[in-house]
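Undergrad: my_file-v3.cif is reproduced in full below (mmCIF, C-alpha atoms and all ligand atoms).
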data_coords
#
loop_
_atom_site.label_atom_id
_atom_site.label_comp_id
_atom_site.auth_asym_id
_atom_site.auth_seq_id
_atom_site.Cartn_x
_atom_site.Cartn_y
_atom_site.Cartn_z
CA MET A 1369 57.87 70.88 109.83
CA SER A 1370 60.59 71.66 112.38
CA ALA A 1371 59.86 74.53 114.81
CA VAL A 1372 62.14 76.54 117.10
CA THR A 1373 60.90 79.06 119.66
CA HIS A 1374 62.74 82.27 120.46
CA ASP A 1375 62.03 85.33 122.57
CA VAL A 1376 62.78 87.59 119.62
CA VAL A 1377 62.99 86.94 115.92
CA VAL A 1378 64.84 89.63 113.93
CA ILE A 1379 64.27 89.55 110.16
CA GLY A 1380 67.08 91.16 108.16
CA GLY A 1381 70.83 90.99 108.82
CA GLY A 1382 71.91 94.54 107.99
CA MET A 1383 73.30 97.08 110.45
CA SER A 1384 69.91 97.64 112.09
CA GLY A 1385 69.03 93.95 112.48
CA LEU A 1386 72.54 93.02 113.65
CA MET A 1387 72.59 95.83 116.24
CA ALA A 1388 69.11 94.94 117.52
CA SER A 1389 69.88 91.24 117.78
CA ALA A 1390 73.35 91.74 119.34
CA TYR A 1391 71.80 93.97 122.04
CA LEU A 1392 68.98 91.51 122.82
CA ALA A 1393 71.22 88.43 122.77
CA GLY A 1394 73.63 90.29 125.08
CA LYS A 1395 70.73 90.82 127.52
CA GLY A 1396 70.09 87.09 127.63
CA PHE A 1397 67.05 86.89 125.34
CA LYS A 1398 66.91 83.87 123.06
CA THR A 1399 67.38 85.69 119.79
CA ALA A 1400 67.13 84.53 116.19
CA LEU A 1401 68.38 86.51 113.19
CA ILE A 1402 67.04 85.50 109.78
CA SER A 1403 68.62 86.99 106.67
CA GLN A 1404 68.26 86.10 103.04
CA GLY A 1405 71.61 87.58 102.09
CA ASP A 1406 74.48 89.91 102.89
CA PRO A 1407 73.48 93.51 103.62
CA VAL A 1408 74.14 96.89 101.99
CA CYS A 1409 76.84 97.43 104.63
CA CYS A 1410 79.18 95.30 102.46
CA LEU A 1411 79.01 98.01 99.77
CA SER A 1412 79.71 100.86 102.20
CA THR A 1413 82.95 102.55 103.24
CA GLY A 1414 82.56 100.91 106.65
CA CYS A 1415 82.37 104.41 108.17
CA VAL A 1416 79.26 105.43 110.09
CA ASP A 1417 77.60 108.59 108.74
CA VAL A 1418 75.32 109.91 111.48
CA LEU A 1419 73.73 113.02 109.97
CA SER A 1420 75.32 116.31 109.01
CA PRO A 1421 78.51 116.40 106.96
CA GLY A 1422 79.70 119.58 108.76
CA THR A 1423 81.82 119.74 111.90
CA HIS A 1424 79.15 118.46 114.27
CA PRO A 1425 77.35 115.26 113.23
CA LEU A 1426 74.08 116.31 114.88
CA GLU A 1427 73.99 119.97 113.84
CA GLY A 1428 71.20 119.25 111.33
CA PHE A 1429 69.02 117.43 113.88
CA ASP A 1430 66.64 120.36 114.56
CA GLY A 1431 66.03 120.81 110.82
CA LEU A 1432 64.76 117.25 110.31
CA PRO A 1433 61.07 116.95 109.38
CA PRO A 1434 58.73 115.74 112.19
CA GLY A 1435 58.27 112.25 110.65
CA HIS A 1436 62.00 111.47 110.36
CA PRO A 1437 62.95 108.27 112.28
CA TYR A 1438 65.63 110.21 114.22
CA ARG A 1439 62.80 112.27 115.73
CA LEU A 1440 61.48 109.06 117.33
CA VAL A 1441 64.90 108.14 118.64
CA GLY A 1442 66.06 111.57 119.81
CA ARG A 1443 69.61 112.89 120.15
CA LYS A 1444 70.22 110.72 123.19
CA GLY A 1445 69.07 107.61 121.33
CA ILE A 1446 71.55 108.38 118.54
CA GLU A 1447 74.35 108.88 121.08
CA ASP A 1448 73.43 105.66 122.91
CA GLY A 1449 73.36 103.73 119.62
CA CYS A 1450 76.79 104.99 118.57
CA ARG A 1451 78.20 104.24 122.03
CA LEU A 1452 76.86 100.68 121.95
CA PHE A 1453 78.16 100.23 118.42
CA LYS A 1454 81.66 101.27 119.52
CA GLU A 1455 81.47 99.01 122.59
CA ILE A 1456 80.52 96.03 120.44
CA MET A 1457 83.22 96.78 117.86
CA ALA A 1458 85.82 97.12 120.64
CA THR A 1459 85.22 93.44 121.43
CA THR A 1460 86.13 92.53 117.82
CA THR A 1461 89.30 92.90 115.75
CA ILE A 1462 87.77 95.97 114.02
CA PRO A 1463 87.62 98.71 116.70
CA TYR A 1464 86.17 102.12 115.79
CA ALA A 1465 87.15 105.70 116.67
CA GLY A 1466 85.03 108.87 116.93
CA THR A 1467 82.08 110.31 118.82
CA VAL A 1468 78.77 111.92 117.87
CA ARG A 1469 80.21 115.24 119.13
CA LYS A 1470 82.58 115.74 116.20
CA ASN A 1471 82.88 114.49 112.64
CA ARG A 1472 86.16 113.18 111.28
CA GLU A 1473 87.73 113.33 107.83
CA ILE A 1474 88.75 110.36 105.73
CA LEU A 1475 90.61 110.44 102.43
CA THR A 1476 88.73 109.08 99.39
CA PRO A 1477 90.21 107.13 96.45
CA ILE A 1478 89.93 110.23 94.24
CA GLY A 1479 91.87 112.45 96.63
CA THR A 1480 88.96 114.36 98.15
CA PHE A 1481 88.05 114.32 101.84
CA LYS A 1482 84.77 112.94 103.16
CA THR A 1483 83.40 113.84 106.58
CA THR A 1484 81.88 111.02 108.54
CA CYS A 1485 81.38 110.23 112.20
CA LEU A 1486 82.70 106.84 113.36
CA VAL A 1487 85.62 105.35 111.47
CA PRO A 1488 87.57 102.10 111.69
CA LEU A 1489 90.90 102.55 113.45
CA THR A 1490 92.73 101.84 110.19
CA MET A 1491 91.39 105.09 108.68
CA THR A 1492 92.10 107.54 111.52
CA GLY A 1493 95.54 108.42 110.11
CA ALA A 1494 93.86 110.42 107.32
CA GLU A 1495 93.29 113.21 109.87
CA GLY A 1496 95.91 115.88 109.34
CA CYS A 1497 97.38 114.35 106.19
CA ARG A 1498 96.92 117.69 104.41
CA ASP A 1499 99.78 119.11 106.48
CA GLY A 1500 102.71 116.69 106.05
CA TYR A 1501 104.00 114.34 103.36
CA THR A 1502 101.80 111.32 102.44
CA HIS A 1503 103.08 108.46 100.33
CA VAL A 1504 100.31 106.50 98.59
CA ILE A 1505 100.85 102.82 97.81
CA SER A 1506 98.69 101.13 95.21
CA PHE A 1507 98.78 97.72 93.52
CA ASN A 1508 99.41 96.77 89.88
CA GLY A 1509 96.12 96.32 88.05
CA LEU A 1510 93.92 97.43 90.96
CA ARG A 1511 90.85 99.18 89.59
CA ASP A 1512 88.70 101.77 91.36
CA PHE A 1513 91.66 103.28 93.20
CA TYR A 1514 93.37 106.29 91.68
CA PRO A 1515 96.69 107.31 93.27
CA SER A 1516 97.33 109.88 90.53
CA TYR A 1517 94.04 111.64 91.41
CA ILE A 1518 95.19 111.77 95.02
CA THR A 1519 98.64 113.08 94.21
CA SER A 1520 97.27 115.70 91.82
CA ARG A 1521 94.75 116.94 94.40
CA LEU A 1522 96.87 116.72 97.53
CA LYS A 1523 100.10 118.68 97.60
CA ASN A 1524 103.13 117.01 99.15
CA THR A 1525 102.35 113.44 98.09
CA GLY A 1526 104.01 110.69 96.08
CA PHE A 1527 103.06 107.18 95.10
CA SER A 1528 104.46 103.71 94.38
CA LEU A 1529 102.95 100.55 92.92
CA TYR A 1530 103.33 97.05 94.37
CA ASP A 1531 102.74 93.87 92.42
CA ALA A 1532 100.59 91.64 94.65
CA GLY A 1533 100.13 89.10 91.87
CA ILE A 1534 96.38 89.64 92.04
CA THR A 1535 94.21 92.62 91.17
CA SER A 1536 91.00 92.45 93.23
CA THR A 1537 90.67 94.14 96.62
CA LEU A 1538 89.35 90.91 98.15
CA GLY A 1539 92.25 88.91 96.70
CA ILE A 1540 94.89 91.38 97.96
CA ALA A 1541 93.23 91.63 101.39
CA THR A 1542 93.26 87.83 101.68
CA ARG A 1543 96.99 87.77 100.79
CA PHE A 1544 97.79 90.29 103.55
CA GLU A 1545 96.60 87.71 106.10
CA ASP A 1546 99.51 85.51 104.95
CA LYS A 1547 102.69 86.18 106.97
CA ALA A 1548 105.04 85.49 104.03
CA PHE A 1549 103.17 87.96 101.80
CA LEU A 1550 103.22 90.59 104.55
CA GLU A 1551 106.98 90.14 105.08
CA ALA A 1552 107.67 90.49 101.34
CA PHE A 1553 105.53 93.63 101.21
CA ILE A 1554 107.30 95.17 104.21
CA ALA A 1555 110.71 94.38 102.71
CA TRP A 1556 109.65 96.10 99.47
CA ILE A 1557 108.34 99.19 101.23
CA GLU A 1558 111.50 99.44 103.39
CA GLY A 1559 113.53 99.60 100.17
CA LEU A 1560 111.56 102.56 98.79
CA GLU A 1561 113.26 105.28 100.83
CA ILE A 1562 110.01 107.13 101.38
CA PRO A 1563 110.39 110.69 102.78
CA PRO A 1564 109.27 111.13 106.43
CA GLY A 1565 105.46 111.34 106.73
CA LYS A 1566 102.49 109.00 106.46
CA VAL A 1567 101.84 106.01 104.23
CA ALA A 1568 98.36 105.50 102.78
CA LEU A 1569 97.03 102.34 101.13
CA PRO A 1570 93.70 101.29 99.67
CA ALA A 1571 91.71 99.38 102.31
CA VAL A 1572 93.17 95.93 101.65
CA LEU A 1573 95.16 95.29 104.85
CA GLY A 1574 93.57 91.93 105.58
CA ILE A 1575 90.05 90.88 106.40
CA GLN A 1576 90.24 89.48 109.93
CA SER A 1577 93.01 91.54 111.53
CA PRO A 1578 93.59 94.85 109.70
CA VAL A 1579 94.66 96.82 112.79
CA GLN A 1580 97.32 94.25 113.63
CA ILE A 1581 98.61 94.28 110.04
CA MET A 1582 98.59 98.08 109.86
CA GLU A 1583 100.46 98.36 113.17
CA GLU A 1584 103.04 95.78 112.09
CA ILE A 1585 103.80 97.70 108.88
CA SER A 1586 103.84 100.99 110.75
CA ARG A 1587 106.22 99.70 113.44
CA ARG A 1588 108.62 98.22 110.90
CA ILE A 1589 108.82 101.21 108.53
CA GLY A 1590 108.58 103.87 111.26
CA SER A 1591 105.72 105.81 109.60
CA GLU A 1592 102.05 106.15 110.44
CA VAL A 1593 100.00 103.98 108.07
CA PHE A 1594 96.32 104.40 107.19
CA GLU A 1595 93.72 103.00 104.82
CA ILE A 1596 91.62 104.71 102.15
CA PRO A 1597 88.22 103.06 101.50
CA THR A 1598 87.77 101.82 97.94
CA LEU A 1599 84.66 101.82 95.78
CA PRO A 1600 82.10 99.01 96.33
CA PRO A 1601 82.40 96.14 96.98
CA SER A 1602 84.35 97.36 99.95
CA ILE A 1603 86.65 95.46 102.29
CA PRO A 1604 85.95 97.76 105.30
CA GLY A 1605 82.19 97.22 104.78
CA LEU A 1606 82.71 93.46 104.60
CA ARG A 1607 84.89 93.51 107.74
CA LEU A 1608 82.27 95.51 109.62
CA PHE A 1609 79.48 93.15 108.62
CA ARG A 1610 81.47 90.02 109.50
CA ALA A 1611 82.57 91.46 112.85
CA LEU A 1612 79.00 92.33 113.87
CA LYS A 1613 77.78 88.91 112.79
CA GLY A 1614 80.57 87.34 114.88
CA ALA A 1615 79.61 89.54 117.86
CA LEU A 1616 76.04 88.26 117.65
CA THR A 1617 77.16 84.64 117.57
CA ALA A 1618 79.49 85.30 120.52
CA ARG A 1619 76.46 86.54 122.49
CA GLY A 1620 74.59 83.32 121.77
CA GLY A 1621 72.30 84.54 118.96
CA ASP A 1622 71.03 81.96 116.45
CA LEU A 1623 71.69 82.76 112.79
CA TYR A 1624 69.51 81.60 109.90
CA TRP A 1625 71.69 82.95 107.09
CA GLY A 1626 70.89 82.74 103.40
CA LYS A 1627 67.23 82.11 104.23
CA ALA A 1628 64.36 84.39 103.33
CA VAL A 1629 61.10 84.51 105.24
CA GLY A 1630 58.53 82.86 102.98
CA SER A 1631 55.37 83.28 105.04
CA VAL A 1632 54.15 84.60 108.37
CA GLU A 1633 51.57 83.31 110.85
CA CYS A 1634 49.52 85.71 112.92
CA ARG A 1635 46.87 85.05 115.55
CA GLY A 1636 44.70 88.11 116.19
CA SER A 1637 47.04 91.04 116.67
CA MET A 1638 50.11 88.90 117.41
CA VAL A 1639 52.70 87.50 115.03
CA GLU A 1640 53.33 83.90 116.10
CA ALA A 1641 55.88 82.51 113.67
CA VAL A 1642 57.61 82.89 110.34
CA THR A 1643 58.40 80.09 107.92
CA LEU A 1644 61.69 80.06 106.06
CA ALA A 1645 61.60 79.69 102.30
CA THR A 1646 64.06 76.80 102.01
CA GLN A 1647 64.37 74.18 99.31
CA GLY A 1648 64.19 71.26 101.75
CA ARG A 1649 61.82 70.76 104.65
CA PRO A 1650 60.33 74.16 105.62
CA SER A 1651 61.31 75.37 109.06
CA ARG A 1652 59.18 77.47 111.30
CA VAL A 1653 60.70 80.03 113.67
CA GLN A 1654 58.39 81.03 116.51
CA GLY A 1655 58.83 84.13 118.62
CA ARG A 1656 57.24 86.27 121.31
CA ALA A 1657 58.33 89.45 119.52
CA PHE A 1658 59.49 90.23 115.98
CA ILE A 1659 61.71 92.97 114.55
CA LEU A 1660 61.47 93.82 110.87
CA ALA A 1661 64.84 95.09 109.55
CA THR A 1662 64.75 94.02 105.91
CA GLY A 1663 66.10 97.28 104.48
CA SER A 1664 64.83 99.30 101.58
CA PHE A 1665 64.72 98.60 97.82
CA VAL A 1666 68.37 97.54 97.47
CA SER A 1667 67.96 94.61 99.90
CA GLY A 1668 64.41 93.67 98.93
CA GLY A 1669 62.57 94.88 102.05
CA LEU A 1670 60.55 97.11 99.71
CA PHE A 1671 59.56 96.25 96.16
CA ALA A 1672 58.17 98.72 93.62
CA ARG A 1673 55.35 97.65 91.31
CA ILE A 1674 53.27 99.73 88.91
CA ASP A 1675 52.05 102.60 91.08
CA THR A 1676 52.53 100.77 94.40
CA VAL A 1677 55.35 99.79 96.70
CA ASN A 1678 55.07 96.55 98.68
CA GLU A 1679 56.64 95.53 101.97
CA THR A 1680 57.78 92.01 101.20
CA VAL A 1681 57.43 90.05 104.48
CA PHE A 1682 54.26 91.16 106.33
CA ASP A 1683 52.67 93.07 103.44
CA LEU A 1684 52.49 96.14 105.69
CA PRO A 1685 51.07 99.35 104.22
CA VAL A 1686 53.89 101.43 102.72
CA TYR A 1687 54.05 105.22 102.65
CA VAL A 1688 54.76 106.34 99.07
CA PRO A 1689 55.45 109.99 98.18
CA GLY A 1690 52.84 110.74 95.50
CA PRO A 1691 52.17 108.97 92.18
CA ARG A 1692 54.86 106.98 90.37
CA LYS A 1693 55.55 109.72 87.83
CA ASP A 1694 56.84 111.86 90.74
CA TRP A 1695 59.23 109.23 92.07
CA PHE A 1696 60.59 107.73 88.86
CA TRP A 1697 63.94 109.43 88.32
CA ASN A 1698 66.70 108.09 86.12
CA ASP A 1699 69.34 108.05 88.85
CA PHE A 1700 68.25 106.10 91.93
CA PHE A 1701 71.23 107.32 93.95
CA THR A 1702 70.48 111.04 93.57
CA ALA A 1703 70.21 112.74 96.97
CA GLY A 1704 66.68 113.98 97.53
CA HIS A 1705 65.13 111.36 95.23
CA PRO A 1706 61.46 111.31 96.32
CA ILE A 1707 61.35 107.51 96.59
CA GLU A 1708 63.88 107.78 99.43
CA LYS A 1709 60.92 108.82 101.61
CA ALA A 1710 59.07 105.55 100.97
CA GLY A 1711 58.81 103.03 103.77
CA ILE A 1712 56.90 101.92 106.83
CA GLU A 1713 55.45 104.62 109.05
CA VAL A 1714 55.71 103.80 112.74
CA ASP A 1715 54.59 105.20 116.09
CA GLY A 1716 56.87 106.16 119.00
CA SER A 1717 57.29 102.45 119.86
CA LEU A 1718 58.40 101.69 116.29
CA ARG A 1719 55.19 99.68 115.69
CA PRO A 1720 53.76 100.07 112.17
CA THR A 1721 51.01 102.68 112.41
CA ARG A 1722 48.63 101.24 109.83
CA SER A 1723 48.63 97.71 111.26
CA ASP A 1724 47.25 96.30 114.51
CA LEU A 1725 50.18 93.93 115.10
CA LYS A 1726 51.30 94.48 118.70
CA ASN A 1727 54.51 92.44 118.84
CA LEU A 1728 56.10 93.72 115.61
CA PHE A 1729 58.70 96.52 115.65
CA VAL A 1730 60.41 98.08 112.63
CA CYS A 1731 63.90 99.58 112.30
CA GLY A 1732 66.54 100.63 109.77
CA SER A 1733 66.30 101.89 106.23
CA ILE A 1734 62.84 100.37 105.67
CA LEU A 1735 61.40 103.15 107.86
CA ALA A 1736 59.55 105.93 106.00
CA HIS A 1737 60.92 109.49 105.78
CA GLY A 1738 64.56 108.53 106.47
CA GLU A 1739 65.94 110.04 103.21
CA ILE A 1740 69.26 108.45 103.93
CA MET A 1741 71.29 109.89 101.07
CA LYS A 1742 69.90 113.40 101.45
CA ASN A 1743 70.46 113.35 105.21
CA HIS A 1744 73.80 111.46 105.21
CA CYS A 1745 72.47 109.13 107.89
CA GLY A 1746 72.87 105.56 106.53
CA HIS A 1747 74.51 103.44 109.22
CA GLY A 1748 73.76 106.00 111.93
CA LEU A 1749 70.01 105.64 111.40
CA ALA A 1750 70.29 101.84 111.24
CA ILE A 1751 72.27 101.72 114.50
CA ALA A 1752 70.06 104.17 116.43
CA THR A 1753 66.72 102.68 115.34
CA GLY A 1754 68.08 99.13 115.76
CA LEU A 1755 68.92 99.89 119.40
CA LYS A 1756 65.57 101.62 119.97
CA ALA A 1757 63.62 98.65 118.55
CA ALA A 1758 65.67 96.29 120.74
CA ARG A 1759 65.04 98.33 123.89
CA ILE A 1760 61.30 98.49 123.19
CA CYS A 1761 61.30 94.74 122.62
CA GLU A 1762 63.16 94.26 125.91
CA GLY A 1763 60.43 96.19 127.74
CA PHE A 1764 57.71 94.31 125.88
CA LEU A 1765 59.19 90.92 126.82
CA SER A 1766 59.98 91.72 130.46
C1 LIG B 1801 76.44 101.72 97.79
C2 LIG B 1801 76.10 102.19 99.17
C3 LIG B 1801 77.10 102.72 99.97
C4 LIG B 1801 76.80 103.18 101.26
N1 LIG B 1801 77.81 103.70 102.03
C5 LIG B 1801 77.54 104.12 103.28
C6 LIG B 1801 78.58 104.62 104.12
O1 LIG B 1801 79.74 104.68 103.72
N2 LIG B 1801 78.26 105.02 105.39
C7 LIG B 1801 76.97 104.96 105.87
O2 LIG B 1801 76.74 105.35 107.03
N3 LIG B 1801 75.97 104.47 105.11
C8 LIG B 1801 76.22 104.04 103.84
N4 LIG B 1801 75.21 103.54 103.06
C9 LIG B 1801 73.87 103.39 103.64
C10 LIG B 1801 73.86 102.22 104.61
O3 LIG B 1801 74.67 101.17 104.12
C11 LIG B 1801 72.43 101.67 104.83
O4 LIG B 1801 71.53 102.72 105.02
C12 LIG B 1801 72.33 100.77 106.06
O5 LIG B 1801 73.43 99.90 106.15
C13 LIG B 1801 71.02 100.01 105.98
O6 LIG B 1801 70.98 99.01 106.96
P1 LIG B 1801 69.63 98.20 107.18
O7 LIG B 1801 69.87 97.31 108.35
O8 LIG B 1801 68.49 99.13 107.29
O9 LIG B 1801 69.34 97.35 105.87
P2 LIG B 1801 70.17 96.47 104.83
O10 LIG B 1801 71.62 96.65 104.94
O11 LIG B 1801 69.53 96.74 103.53
O12 LIG B 1801 69.87 94.96 105.29
C14 LIG B 1801 68.63 94.34 105.12
C15 LIG B 1801 68.83 92.83 105.20
O13 LIG B 1801 67.53 92.20 105.16
C16 LIG B 1801 67.63 91.03 104.37
N5 LIG B 1801 66.28 90.69 103.87
C17 LIG B 1801 65.51 91.37 102.98
N6 LIG B 1801 64.34 90.71 102.78
C18 LIG B 1801 64.37 89.60 103.55
C19 LIG B 1801 63.47 88.51 103.77
N7 LIG B 1801 62.29 88.41 103.16
N8 LIG B 1801 63.83 87.52 104.64
C20 LIG B 1801 65.02 87.57 105.29
N9 LIG B 1801 65.92 88.59 105.10
C21 LIG B 1801 65.60 89.58 104.25
C22 LIG B 1801 68.61 91.40 103.27
O14 LIG B 1801 69.20 90.25 102.69
C23 LIG B 1801 69.65 92.25 104.05
O15 LIG B 1801 70.69 91.46 104.58
C24 LIG B 1801 75.46 103.09 101.76
C25 LIG B 1801 74.45 102.55 100.95
C26 LIG B 1801 74.77 102.11 99.67
C27 LIG B 1801 73.66 101.53 98.82
#
Produce C-alpha cells that represent the structure in this file.
TA:
Amino acid sequence: MSAVTHDVVVIGGGMSGLMASAYLAGKGFKTALISQGDPVCCLSTGCVDVLSPGTHPLEGFDGLPPGHPYRLVGRKGIEDGCRLFKEIMATTTIPYAGTVRKNREILTPIGTFKTTCLVPLTMTGAEGCRDGYTHVISFNGLRDFYPSYITSRLKNTGFSLYDAGITSTLGIATRFEDKAFLEAFIAWIEGLEIPPGKVALPAVLGIQSPVQIMEEISRRIGSEVFEIPTLPPSIPGLRLFRALKGALTARGGDLYWGKAVGSVECRGSMVEAVTLATQGRPSRVQGRAFILATGSFVSGGLFARIDTVNETVFDLPVYVPGPRKDWFWNDFFTAGHPIEKAGIEVDGSLRPTRSDLKNLFVCGSILAHGEIMKNHCGHGLAIATGLKAARICEGFLS
C-alpha cells in the first residue's frame, strides 16, 4: 500500500475544509485535502451569509445559544475568517465585496431582494437598482430564471430575451468564455436601444473570468451590468468552489479529489493515518494532525439511521436533538428543523468532546448546534470555523 505523510490531513472539500487547508498550506505546512465529491457550495448562490439578515450581519450574535459554533469562534474569529476569505478570493478571478459590518442586497431570480454579507463582484450592481431603470436580459429556454417576476415586482424595469442556442446555465456560461459568442451578444445588446440605467443578467457570464466579461459588456454598452444568482445548480457557487480549490493548489496543497476516506488508523489517542476507499491499490495518507470537515447530511458527513445519527469517518458520537419522531419533518429545508442541531459537539479547541482523540479538530456544518438555515450562517460558519480549526492546528504542530 502506498503511503504519503503530511503535517495536516483535511477530510472534506467544502468551504470549511478548503479554507482550513488553504490557510495551512499558505503557512508552509504540508497539507492534504481529501474529498469524495463536490461540496454543497456548488448549490449555493456563491454569496456568504454570515448571520443576521438585517442591516448588520452580526446583530444576532448575542442571541445565539451558548453551544453555537460561533460562540467558540467569537466575533473577532468571524471577522478574521471573512477577511481571510476576501484576501484569498482577491488572488483569484472571482474577487468578493463586502464586510462583516454591513449586509448587502442582491436581486433574486423572482424579483425579491436577499440580504447577505459577502458577494462576488459581479453581483454588487444590484445595490440601488430599486431607484433607477434596470433592464433584465434572459435567454430563450432558460429555466429557473423568471424575468417577468422581476419586472412585475420591480417598478421601472424591462426585459429582453437572447437566443444562446443552449438552455442550461452551465452551457451558456461556457459559451460566454468564447470571444466570438461574447462579441455576438454585445452586438445584439447594442442594437436593443435600452433606456439609461443598469443591465441585469442571470449569473452565466462565464466560469473562469466573469468579472472580465461583465466589465467588457459594461464598457461597450455604457451601462452598469450585474448578475442575479440562479437556482441550484448555481454557476456562482461552482466558480467559488473552483477558485478556492485553485487557491489551495497554488499554495502547494495536495488534493485527493473524488476519494472517500474508507478507514482510519489510531494509536492510543492519536489519529495516525486514513486509507482512501479507491478501486485500485488502497492508498494511505498519514498526518500529524487531522481536520474533519465532511459536512452534514447533504454531503454524507452525517448519516441518519433508525433512531441514531452516525458520523461517517471516525464514528464519533453525534449529538441528536431528542428521539427520531421529534426530528422527522416532511420538509428537510424548513428553517428551525430540529435535525439541524445534530452534529459533533466540540470543546474550545474544536476537538470532539466525547472522544479522546488529541490531534483531531472539527469544523463546518458537521458541528452540532449550528442551525444553519435558521441562523442564516451557511458559508460564514464554514469559513470562521475552518480558520479557527486551522489556527489551532498550526499551534498544535508548532
Ligand atoms: C441548496 C443550498 C443552498 C445554499 N446556499 C447558501 C448561500 O447562498 N449562502 C450561504 O452562505 N450558505 C448557503 N448554503 C449553506 C452552505 O452551502 C453550507 O453550510 C456550507 O457550504 C457547508 O460547508 P462545509 O464545508 O461544512 O461542508 P460541505 O459543503 O457539505 O462539504 C463537505 C465535503 O466533505 C466531503 N465528504 C463527505 N464525506 C467524506 C468522506 N468520507 N471522505 C472524504 N470526503 C468526504 C463531501 O464530498 C463534501 O465535498 C446552502 C446550502 C444548501 C444545501
Undergrad: When you count all atoms listed in the file, which of these residues is closest to ligand LIG 1801 (chain B): A:Ser1577, A:Ser1412, A:Thr1399, A:Thr1502?
TA: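 With all atoms listed in the file as the atom set, the closest residue is A:Ser1412.
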Undergrad: I need the residue nearest ligand LIG 1801 (chain B) from this list: A:Arg1635, A:Arg1619, A:Arg1722, A:Lys1627. Use all atoms listed in the file for the distance.
TA: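 Distance minimum relative to ligand LIG 1801 (chain B) lands on A:Lys1627.
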Undergrad: List the neighbours of A:Ala1393 out to 8 Å using all atoms listed in the file; skip same-chain residues closer than 2 positions along the sequence, and give me the result as a list in words.
TA: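 In the requested form, the answer reads Ser1389, Ala1390, Tyr1391, Lys1395, Gly1396, Phe1397, Lys1398, Thr1399, Leu1616, Arg1619, Gly1620 and Gly1621 of chain A.
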Undergrad: Using all atoms listed in the file, which residues have at least one atom no more than 7 Å from ligand LIG 1801 (chain B)? Output them as an NGL selection string.
TA: :A and (1379-1385 or 1402-1409 or 1411-1418 or 1600 or 1627-1630 or 1661-1664 or 1666-1669 or 1680-1681 or 1731-1734 or 1740 or 1745-1748 or 1750)
Undergrad: Please indicate the distance in Å from atom CA of A:Leu1569 to atom CA of A:Lys1523, rounded to one decimal place.
TA: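 Separation between atom CA of A:Leu1569 and atom CA of A:Lys1523: 17.0 Å.
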Undergrad: Hey, can you check how far atom CA of A:Tyr1501 sits from atom CA of A:Glu1583?
TA: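 Taking atom CA of A:Tyr1501 and atom CA of A:Glu1583, their separation equals 19.1 Å.
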Undergrad: Could you check which of A:Ala1388, A:Cys1761, A:Ala1703, A:Ile1557 is closest to A:Phe1729, using only C-alpha atoms?
TA: A:Cys1761
Undergrad: What does the distance from atom CA of A:Ile1707 to atom CA of A:Trp1695 come to in Å, to one decimal?
TA: 5.3 Å
Undergrad: Extract, using only C-alpha atoms, all DNA, RNA and protein residues at most 7 Å from A:Glu1592, discarding same-chain residues fewer than 5 positions from it, and format them as JSON, numbers by chain.
TA: {"A": [1493, 1566, 1567, 1586]}
Undergrad: Excluding same-chain residues fewer than 2 positions from stretch 1508-1520 of chain A, what lies within 10 Å of it counting all atoms listed in the file, as a PyMOL selection string?
TA: chain A and resi 1475-1480+1502-1506+1522-1537+1540+1568-1571+1596-1600
Undergrad: Taking all atoms listed in the file into account, name the residue in A:Gly1738, A:Pro1601, A:Pro1463, A:Gly1754 that is nearest to A:Glu1708.
TA: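 Counting all atoms listed in the file, the residue closest to A:Glu1708 is A:Gly1738.
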Undergrad: A:Gly1435: which residues within 9 Å, counting all atoms listed in the file, same-chain residues fewer than 5 positions away excluded, as a PDB file with C-alpha atoms, in the coordinates of the input?
TA:
ATOM      1  CA  LEU A1440      61.480 109.060 117.330  1.00  0.00           C
ATOM      2  CA  GLU A1713      55.450 104.620 109.050  1.00  0.00           C
ATOM      3  CA  ALA A1736      59.550 105.930 106.000  1.00  0.00           C
ATOM      4  CA  HIS A1737      60.920 109.490 105.780  1.00  0.00           C
ATOM      5  CA  GLY A1738      64.560 108.530 106.470  1.00  0.00           C
TER       6      GLY A1738
END
Undergrad: Residues near stretch 1682-1688 of chain A, anyone? I mean within 10 Å using all atoms listed in the file, not counting same-chain ones fewer than 4 positions away, as a JSON list (two decimals) with C-alpha atoms, keeping the file's coordinate frame.
TA:
[["chain", "number", "residue", "atom", "x", "y", "z"],
["A", 1629, "VAL", "CA", 61.10, 84.51, 105.24],
["A", 1630, "GLY", "CA", 58.53, 82.86, 102.98],
["A", 1631, "SER", "CA", 55.37, 83.28, 105.04],
["A", 1632, "VAL", "CA", 54.15, 84.60, 108.37],
["A", 1633, "GLU", "CA", 51.57, 83.31, 110.85],
["A", 1634, "CYS", "CA", 49.52, 85.71, 112.92],
["A", 1639, "VAL", "CA", 52.70, 87.50, 115.03],
["A", 1642, "VAL", "CA", 57.61, 82.89, 110.34],
["A", 1660, "LEU", "CA", 61.47, 93.82, 110.87],
["A", 1670, "LEU", "CA", 60.55, 97.11, 99.71],
["A", 1672, "ALA", "CA", 58.17, 98.72, 93.62],
["A", 1675, "ASP", "CA", 52.05, 102.60, 91.08],
["A", 1676, "THR", "CA", 52.53, 100.77, 94.40],
["A", 1677, "VAL", "CA", 55.35, 99.79, 96.70],
["A", 1678, "ASN", "CA", 55.07, 96.55, 98.68],
["A", 1692, "ARG", "CA", 54.86, 106.98, 90.37],
["A", 1695, "TRP", "CA", 59.23, 109.23, 92.07],
["A", 1706, "PRO", "CA", 61.46, 111.31, 96.32],
["A", 1707, "ILE", "CA", 61.35, 107.51, 96.59],
["A", 1708, "GLU", "CA", 63.88, 107.78, 99.43],
["A", 1709, "LYS", "CA", 60.92, 108.82, 101.61],
["A", 1710, "ALA", "CA", 59.07, 105.55, 100.97],
["A", 1711, "GLY", "CA", 58.81, 103.03, 103.77],
["A", 1712, "ILE", "CA", 56.90, 101.92, 106.83],
["A", 1713, "GLU", "CA", 55.45, 104.62, 109.05],
["A", 1720, "PRO", "CA", 53.76, 100.07, 112.17],
["A", 1721, "THR", "CA", 51.01, 102.68, 112.41],
["A", 1722, "ARG", "CA", 48.63, 101.24, 109.83],
["A", 1723, "SER", "CA", 48.63, 97.71, 111.26],
["A", 1725, "LEU", "CA", 50.18, 93.93, 115.10],
["A", 1728, "LEU", "CA", 56.10, 93.72, 115.61],
["A", 1734, "ILE", "CA", 62.84, 100.37, 105.67],
["A", 1735, "LEU", "CA", 61.40, 103.15, 107.86],
["A", 1736, "ALA", "CA", 59.55, 105.93, 106.00],
["A", 1737, "HIS", "CA", 60.92, 109.49, 105.78]]
